[in-house]
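Written out below as C-alpha cells is the structure these notes cover.
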Amino acid sequence: MILEQYGKIATEKVGEKELQKAKDYIKGKSVMGFEASDEVAMFFVEQEVSKEKIMTLEDIFEKIDKITTEDILRVARDVFHDSKLNLAVIGPHKNAKELEKMLKI
C-alpha cells in the first residue's frame, strides 16, 4: 500500500486542498512547538549552527506558503523511483525474488 502511494505521488499532482491541509498542519505543529522555551532555544541554536541566516517562523511560513503542487510532483519524481528503494528484512525469508518484486513503485 505504501509503495502504491509513493507511485501515485510521483505521477499525479497532489490536490490543492490536500496541500493546503499539509501546510496548515506543519505550521500549526510549529507554533505549538514554540510553546516550550526549550524548543524555542533549540530552534534558534539549530538555525545558528546549520544556516547562514537565522530565520523566524514567519520566514519559514512564507517559504512553506510558496510551495506548489508542481513542486511536490517534481520532488516526488526525483525521490520516489525504484532505484532509490531499500528493504530491510529481519529473520529468515525463503523467497528473495518475491521481496525484490515488492520493491517496485
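Order determines the names: the first chain of the C-alpha cells is A, the second B, and so forth; residues in each chain are numbered 1 upward, and ligands are numbered 1 upward as they are shown.
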* To do: Enumerate as a VMD selection string all residues of chain A assigned to helix (DSSP H, G or I) by DSSP on the backbone, naming them with the chain letters and numbers the document uses.
  => chain A and resid 2 to 11 16 to 33 37 to 50 57 to 66 69 to 79 82 to 84 96 to 102
* Asked: Which polymer residues have any atom within 10 Å of an atom of A:Phe43, counting only C-alpha atoms, with same-chain residues fewer than 3 positions away left out, as a ChimeraX atom specification?
  -> /A:33-34,37-40,46-48,54-57
Please write the residues from the selection above to a file, keeping C-alpha atoms, as a PDB file, in the first residue's frame.
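The resulting file, out_26.pdb, is shown below:
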ATOM      1  CA  GLY A  33       6.207  23.521  19.487  1.00  0.00           C
ATOM      2  CA  PHE A  34       7.142  27.084  20.336  1.00  0.00           C
ATOM      3  CA  SER A  37      11.002  27.647  25.888  1.00  0.00           C
ATOM      4  CA  ASP A  38      13.485  24.799  25.401  1.00  0.00           C
ATOM      5  CA  GLU A  39      12.020  24.144  21.936  1.00  0.00           C
ATOM      6  CA  VAL A  40      12.414  27.816  21.044  1.00  0.00           C
ATOM      7  CA  GLU A  46      19.850  24.781  15.139  1.00  0.00           C
ATOM      8  CA  GLN A  47      19.406  27.863  12.952  1.00  0.00           C
ATOM      9  CA  GLU A  48      22.678  29.333  14.172  1.00  0.00           C
ATOM     10  CA  ILE A  54      18.605  32.857  11.288  1.00  0.00           C
ATOM     11  CA  MET A  55      15.026  32.594  10.075  1.00  0.00           C
ATOM     12  CA  THR A  56      11.939  33.358  12.101  1.00  0.00           C
ATOM     13  CA  LEU A  57       8.840  31.181  11.992  1.00  0.00           C
TER      14      LEU A  57
END
* Atomic distance atom CA of A:Glu4 - atom CA of A:Pro92, expressed in Å with one decimal ->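 Separating atom CA of A:Glu4 from atom CA of A:Pro92 is a distance of 25.6 Å.
If you count only C-alpha atoms and ignore residues fewer than 6 places along the chain from stretch 72-87 of chain A, what sits within 9 Å of it is Leu3, Tyr6, Gly7, Ile9, Ala10, Thr11, Glu12, Lys13, Val14, Leu19, Leu99, Glu100, Leu103, Lys104 and Ile105 of chain A.
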Using only N, CA and C atoms, please write the residues we just selected to a file, as a short mmCIF file (atom, residue, chain, number, x, y, z; two decimals), in the first residue's frame.
data_model
loop_
_atom_site.label_atom_id
_atom_site.label_comp_id
_atom_site.auth_asym_id
_atom_site.auth_seq_id
_atom_site.Cartn_x
_atom_site.Cartn_y
_atom_site.Cartn_z
N LEU A 3 3.94 1.60 -1.14
CA LEU A 3 4.58 1.76 -2.44
C LEU A 3 3.60 2.28 -3.48
N TYR A 6 3.46 5.97 -2.93
CA TYR A 6 4.68 6.59 -3.48
C TYR A 6 4.56 6.74 -4.99
N GLY A 7 4.11 5.68 -5.65
CA GLY A 7 3.94 5.73 -7.09
C GLY A 7 2.93 6.79 -7.50
N ILE A 9 2.04 9.56 -5.82
CA ILE A 9 2.51 10.94 -5.60
C ILE A 9 3.58 11.33 -6.62
N ALA A 10 4.25 10.34 -7.20
CA ALA A 10 5.28 10.63 -8.20
C ALA A 10 4.71 10.77 -9.61
N THR A 11 3.42 10.46 -9.78
CA THR A 11 2.83 10.54 -11.12
C THR A 11 1.62 11.47 -11.20
N GLU A 12 1.03 11.79 -10.06
CA GLU A 12 -0.16 12.64 -10.05
C GLU A 12 0.05 13.82 -9.11
N LYS A 13 -0.44 14.98 -9.52
CA LYS A 13 -0.35 16.15 -8.65
C LYS A 13 -1.20 15.96 -7.40
N VAL A 14 -0.67 16.45 -6.29
CA VAL A 14 -1.44 16.48 -5.05
C VAL A 14 -2.52 17.54 -5.23
N LEU A 19 -2.76 19.82 -0.22
CA LEU A 19 -1.52 20.56 0.01
C LEU A 19 -1.73 21.64 1.07
N LEU A 99 10.50 -10.70 -2.57
CA LEU A 99 10.82 -9.43 -1.91
C LEU A 99 11.31 -8.40 -2.95
N GLU A 100 12.13 -8.84 -3.89
CA GLU A 100 12.62 -7.94 -4.91
C GLU A 100 11.47 -7.39 -5.76
N LEU A 103 9.77 -4.29 -4.39
CA LEU A 103 10.49 -3.03 -4.49
C LEU A 103 10.28 -2.34 -5.82
N LYS A 104 9.06 -2.29 -6.24
CA LYS A 104 8.69 -1.60 -7.49
C LYS A 104 7.58 -0.63 -7.15
N ILE A 105 7.73 0.56 -7.68
CA ILE A 105 6.68 1.57 -7.46
C ILE A 105 5.71 1.49 -8.63
#
* To do: Would you mind reading off the distance between atom CA of A:Glu52 and atom CA of A:Lys27, one decimal, in Å?
  =>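 Straight-line distance from atom CA of A:Glu52 to atom CA of A:Lys27 works out to 22.2 Å.
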* Separation of atom CA of A:Ile64 and atom CA of A:Ser50, in Å? ->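 Going from atom CA of A:Ile64 over to atom CA of A:Ser50, I get 18.8 Å.
Closest to A:Gln20 among A:Ile90, A:Ile67, A:Met1, A:Val45 is A:Ile67, based on only C-alpha atoms.
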* Considering only C-alpha atoms, return as a ChimeraX atom specification whatever protein or nucleic-acid residues lie within 9 Å of stretch 15-17 of chain A, sequence-local ones (same chain, fewer than 5 positions apart) excluded. => /A:22,68-69
